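Next up, model-v6.tsv (TSV, C-alpha atoms):
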```
chain	number	residue	atom	x	y	z
A	761	MET	CA	-42.04	-5.82	-91.03
A	762	LYS	CA	-42.84	-9.47	-91.31
A	763	ARG	CA	-39.28	-10.19	-90.70
A	764	ILE	CA	-39.38	-8.48	-87.35
A	765	PHE	CA	-42.28	-10.62	-86.22
A	766	PHE	CA	-40.35	-13.58	-87.33
A	767	PHE	CA	-37.32	-12.68	-85.15
A	768	ILE	CA	-39.30	-11.81	-82.02
A	769	PRO	CA	-40.24	-15.41	-81.17
A	770	LEU	CA	-36.70	-16.48	-81.84
A	771	ILE	CA	-35.47	-13.94	-79.34
A	772	LEU	CA	-38.09	-14.79	-76.69
A	773	LEU	CA	-37.95	-18.57	-77.00
A	774	PRO	CA	-34.57	-18.95	-75.25
A	775	ALA	CA	-35.98	-16.94	-72.35
A	776	CYS	CA	-38.71	-19.50	-71.82
A	777	ALA	CA	-36.36	-22.45	-71.96
A	778	SER	CA	-35.86	-24.21	-68.65
A	779	ARG	CA	-32.55	-23.73	-66.96
A	780	LYS	CA	-30.94	-25.64	-64.18
A	781	PRO	CA	-31.48	-23.87	-60.90
A	782	VAL	CA	-28.39	-22.32	-59.39
A	783	VAL	CA	-27.61	-23.93	-56.07
A	784	VAL	CA	-25.84	-21.67	-53.59
A	785	GLN	CA	-23.64	-23.59	-51.20
A	786	MET	CA	-23.76	-22.04	-47.72
A	787	PRO	CA	-21.25	-23.01	-45.01
A	788	PRO	CA	-22.73	-25.01	-42.15
A	789	ALA	CA	-24.31	-22.85	-39.47
A	790	VAL	CA	-22.21	-22.25	-36.37
A	791	THR	CA	-24.06	-21.57	-33.18
A	792	GLY	CA	-22.98	-18.42	-31.43
A	793	THR	CA	-21.69	-18.47	-27.89
A	794	ILE	CA	-22.52	-15.87	-25.32
A	795	LEU	CA	-19.52	-14.40	-23.52
A	796	PRO	CA	-19.54	-14.55	-19.74
A	797	THR	CA	-20.08	-11.16	-18.14
A	798	ASP	CA	-16.55	-11.20	-16.70
A	799	ASP	CA	-14.99	-11.38	-20.19
A	800	ILE	CA	-17.21	-8.83	-21.94
A	801	GLU	CA	-15.04	-5.83	-20.95
A	802	SER	CA	-12.00	-7.48	-22.50
A	803	VAL	CA	-13.77	-7.54	-25.88
A	804	ARG	CA	-16.15	-4.56	-25.92
A	805	TYR	CA	-16.85	-1.67	-23.59
A	806	GLY	CA	-20.47	-1.06	-22.69
A	807	GLU	CA	-22.12	2.32	-22.85
A	808	ASN	CA	-21.88	4.69	-19.91
A	809	LEU	CA	-25.11	6.21	-18.66
A	810	LYS	CA	-25.44	9.14	-16.29
A	811	ALA	CA	-28.53	10.39	-14.49
A	812	TYR	CA	-28.99	14.13	-13.97
A	813	SER	CA	-31.54	15.44	-11.48
A	814	ILE	CA	-33.03	18.68	-12.69
A	815	GLY	CA	-35.21	20.96	-10.57
A	816	ARG	CA	-38.17	23.00	-11.73
A	817	TYR	CA	-37.52	25.27	-14.66
A	818	ILE	CA	-39.37	27.42	-17.16
A	819	ASP	CA	-39.43	26.18	-20.72
A	820	PRO	CA	-37.03	28.34	-22.76
A	821	ASN	CA	-39.34	28.13	-25.81
A	822	ASP	CA	-42.53	29.05	-23.97
A	823	SER	CA	-42.47	31.19	-20.83
A	824	LEU	CA	-46.02	30.05	-19.97
A	825	VAL	CA	-44.82	26.44	-19.45
A	826	MET	CA	-43.00	25.22	-16.32
A	827	HIS	CA	-41.37	21.78	-16.11
A	828	GLU	CA	-41.54	19.89	-12.82
A	829	ALA	CA	-38.36	18.44	-11.25
A	830	HIS	CA	-37.33	15.21	-12.92
A	831	THR	CA	-34.36	13.04	-13.84
A	832	ILE	CA	-32.72	13.01	-17.26
A	833	TYR	CA	-30.73	9.99	-18.38
A	834	ARG	CA	-27.97	10.62	-20.89
A	835	VAL	CA	-25.69	8.22	-22.76
A	836	GLU	CA	-22.24	9.65	-22.04
A	837	THR	CA	-20.27	7.20	-24.17
A	838	THR	CA	-21.62	4.61	-26.56
A	839	ALA	CA	-20.47	1.00	-26.70
A	840	LYS	CA	-17.18	0.46	-28.51
A	841	TRP	CA	-14.66	-2.29	-29.15
A	842	ASN	CA	-11.81	-2.77	-26.70
A	843	LEU	CA	-8.62	-2.43	-28.72
A	844	HIS	CA	-6.41	-2.75	-25.63
A	845	PRO	CA	-7.52	-6.00	-24.02
A	846	ASN	CA	-6.51	-6.81	-20.48
A	847	GLY	CA	-5.95	-10.45	-21.29
A	848	PRO	CA	-6.99	-13.12	-23.74
A	849	ALA	CA	-10.71	-13.73	-23.77
A	850	ASN	CA	-11.52	-17.42	-23.63
A	851	ILE	CA	-14.60	-18.06	-25.69
A	852	PRO	CA	-16.29	-21.35	-24.86
A	853	GLY	CA	-17.03	-23.74	-27.68
A	854	GLY	CA	-13.73	-23.66	-29.45
A	855	PRO	CA	-10.02	-24.07	-28.91
A	856	VAL	CA	-8.51	-21.70	-26.40
A	857	VAL	CA	-6.36	-19.26	-28.28
A	858	GLY	CA	-4.33	-16.67	-26.46
A	859	ILE	CA	-1.23	-14.64	-26.97
A	860	ILE	CA	1.58	-15.47	-24.58
A	861	ASP	CA	2.26	-12.38	-22.51
A	862	THR	CA	5.99	-12.19	-21.81
A	863	ALA	CA	5.32	-10.16	-18.69
A	864	HIS	CA	3.59	-13.15	-17.12
A	865	LYS	CA	5.90	-15.80	-18.50
A	866	ASP	CA	8.71	-17.17	-16.37
A	867	SER	CA	12.10	-15.91	-17.45
A	868	PRO	CA	14.87	-18.39	-18.22
A	869	ILE	CA	16.80	-19.43	-15.12
A	870	THR	CA	20.59	-19.23	-15.26
A	871	PRO	CA	23.10	-20.50	-12.69
A	872	GLU	CA	23.91	-16.88	-11.77
A	873	ILE	CA	20.26	-16.18	-10.97
A	874	VAL	CA	20.01	-19.36	-8.89
A	875	ALA	CA	23.18	-18.42	-6.97
A	876	GLU	CA	21.86	-14.89	-6.33
A	877	VAL	CA	18.50	-16.21	-5.13
A	878	ASP	CA	20.27	-18.64	-2.78
A	879	ARG	CA	22.45	-15.81	-1.45
A	880	GLN	CA	19.39	-13.65	-0.85
A	881	LYS	CA	17.64	-16.54	0.94
A	882	ALA	CA	20.68	-17.03	3.20
A	883	ALA	CA	20.80	-13.30	3.99
A	884	THR	CA	17.08	-13.34	4.78
A	885	MET	CA	17.49	-16.32	7.12
A	886	ALA	CA	20.41	-14.60	8.87
A	887	LEU	CA	18.27	-11.50	9.36
A	888	LEU	CA	15.44	-13.58	10.77
A	889	VAL	CA	17.79	-15.29	13.24
A	890	GLN	CA	19.25	-11.95	14.32
A	891	GLY	CA	15.73	-10.59	14.72
A	892	GLN	CA	14.85	-13.49	17.03
A	893	ARG	CA	18.02	-12.88	19.08
A	894	MET	CA	17.18	-9.19	19.34
A	895	ASN	CA	13.66	-10.05	20.54
A	896	GLN	CA	15.08	-12.37	23.21
A	897	ALA	CA	17.54	-9.69	24.36
A	898	LEU	CA	14.76	-7.11	24.49
A	899	ASN	CA	12.60	-9.49	26.53
A	900	GLN	CA	15.46	-10.01	29.01
A	901	LEU	CA	16.08	-6.27	29.20
A	902	SER	CA	12.42	-5.61	29.83
A	903	LYS	CA	12.59	-8.06	32.76
A	904	VAL	CA	15.78	-6.47	34.13
A	905	LEU	CA	14.59	-2.91	33.64
A	906	PRO	CA	12.37	-2.74	36.78
A	907	ALA	CA	15.27	-4.02	38.92
A	908	THR	CA	17.57	-1.44	37.35
A	909	GLU	CA	15.06	1.30	38.08
A	910	GLN	CA	14.86	0.15	41.69
A	911	VAL	CA	18.69	0.16	42.02
A	912	ALA	CA	18.79	3.65	40.47
A	913	GLN	CA	16.19	4.86	42.97
A	914	GLU	CA	18.15	3.35	45.88
A	915	ASN	CA	21.36	4.98	44.57
A	916	ALA	CA	19.61	8.34	44.45
A	917	GLU	CA	18.40	7.90	48.05
A	918	LEU	CA	21.91	6.89	49.18
A	919	LYS	CA	23.36	9.93	47.42
A	920	VAL	CA	20.92	12.23	49.21
A	921	GLU	CA	21.79	10.58	52.54
A	922	ALA	CA	25.53	10.85	51.80
A	923	MET	CA	25.17	14.57	51.03
A	924	ALA	CA	23.21	15.11	54.26
A	925	THR	CA	25.88	13.23	56.24
A	926	GLU	CA	28.62	15.28	54.58
A	927	LYS	CA	26.85	18.51	55.55
A	928	ARG	CA	26.55	17.33	59.16
A	929	LEU	CA	30.24	16.42	59.21
A	930	ASP	CA	31.13	19.88	57.86
A	931	ILE	CA	29.03	21.50	60.59
A	932	LEU	CA	30.64	19.34	63.28
A	933	GLU	CA	34.15	20.14	61.98
A	934	ASP	CA	33.36	23.85	62.00
A	935	GLU	CA	32.10	23.62	65.59
A	936	PHE	CA	35.17	21.61	66.62
A	937	ARG	CA	37.55	24.19	65.09
A	938	LYS	CA	35.71	27.04	66.78
A	939	GLU	CA	35.99	25.32	70.13
A	940	GLN	CA	39.71	24.70	69.61
A	941	THR	CA	40.41	28.30	68.68
A	942	GLN	CA	38.38	29.58	71.59
A	943	SER	CA	40.11	27.26	74.02
A	944	GLN	CA	43.54	28.53	72.89
A	945	PHE	CA	42.61	32.15	73.51
A	946	THR	CA	40.92	31.52	76.79
A	947	ALA	CA	43.46	29.09	78.17
A	948	PRO	CA	44.89	30.28	81.57
A	949	VAL	CA	48.36	31.64	81.44
A	950	THR	CA	50.63	29.65	83.71
A	951	PRO	CA	52.97	31.91	85.85
A	952	SER	CA	56.52	31.49	85.04
A	953	VAL	CA	58.71	30.19	87.84
A	954	LYS	CA	61.02	32.89	89.14
A	955	GLY	CA	64.38	31.74	88.86
A	956	THR	CA	67.82	33.11	88.85
A	957	ASN	CA	67.54	34.38	85.45
A	958	ASP	CA	64.83	36.93	86.21
A	959	TRP	CA	66.28	40.49	86.47
```
Translate the structure of the given file into structure tokens.
Amino acid sequence: MKRIFFFIPLILLPACASRKPVVVQMPPAVTGTILPTDDIESVRYGENLKAYSIGRYIDPNDSLVMHEAHTIYRVETTAKWNLHPNGPANIPGGPVVGIIDTAHKDSPITPEIVAEVDRQKAATMALLVQGQRMNQALNQLSKVLPATEQVAQENAELKVEAMATEKRLDILEDEFRKEQTQSQFTAPVTPSVKGTNDW
């Protein structure tokens, strides 16, 4: 048993010995930056709250209790990370890192594309010139239109007058023919001269 007492201090003495303190190296602190409110939705969606107005109702657990009308606010969806960002979020305080979106990048320009664009520009200019000519012609027609309407009205009046004159001429011709036929039937018969040939 004496031996055990002899070993106990030997076991406990190393525990009392001083050791060098362990130094934990921490990286330097980086101050956080607050995202502008415009960029928050591109990183994380906020929670959606809805307000429900409820009228008076009887408590389902106790029929002797009635609740007065009030509003209940409910969290419909909690905040969550945006895994489909609309665009790169620029966080101030560091280098701007963004993925190049090919949809917004200019496509390479080839001579064929330049020629087609020039052809389309020429066609557009020709259409604009023709449109201006059409507008000028329409303006001239709008000025001439009242005169044309007046000429058409005068032609209609002349036509009516010509028809009236034609009817009068027809009436006069009918009267003239009647008089001629009546004068033939009522013309006096001239007595024939008695000559040698009468028997």
Which distance in Å separates CA of Val835 (chain A) and CA of Ser802 (chain A), to one decimal?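 These two atoms are separated by 20.8 Å.
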When you draw a straight line from CA of Arg937 (chain A) to CA of Lys919 (chain A), how long is it in Å?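 Atom-to-atom, CA of Arg937 (chain A) and CA of Lys919 (chain A) are spaced 26.8 Å apart.
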Hey, can you check how far CA of Asn842 (chain A) sits from CA of Pro788 (chain A)? 29.2 Å
Can you work out which one of A:Val784, A:Val803, A:Ile794, A:Leu824 has the shortest atom-to-atom distance to Leu843 (chain A), counting only C-alpha atoms?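 Ranked by minimum distance to Leu843 (chain A), first place goes to A:Val803.
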Pick the closest to His830 (chain A) from A:Ile814, A:His844, A:Leu905, A:Asn915: which is it, counting all atoms listed in the file? A:Ile814
Do a neighbour search on Ala829 (chain A) at 8 Å with only C-alpha atoms, toss out local chain neighbours closer than 3 positions, and write the hits as a ChimeraX atom specification. /A:813-817
Counting all atoms listed in the file, what is within 12 Å of Lys840 (chain A), bar same-chain residues fewer than 6 positions away, as number ranges by chain? A: 800-808
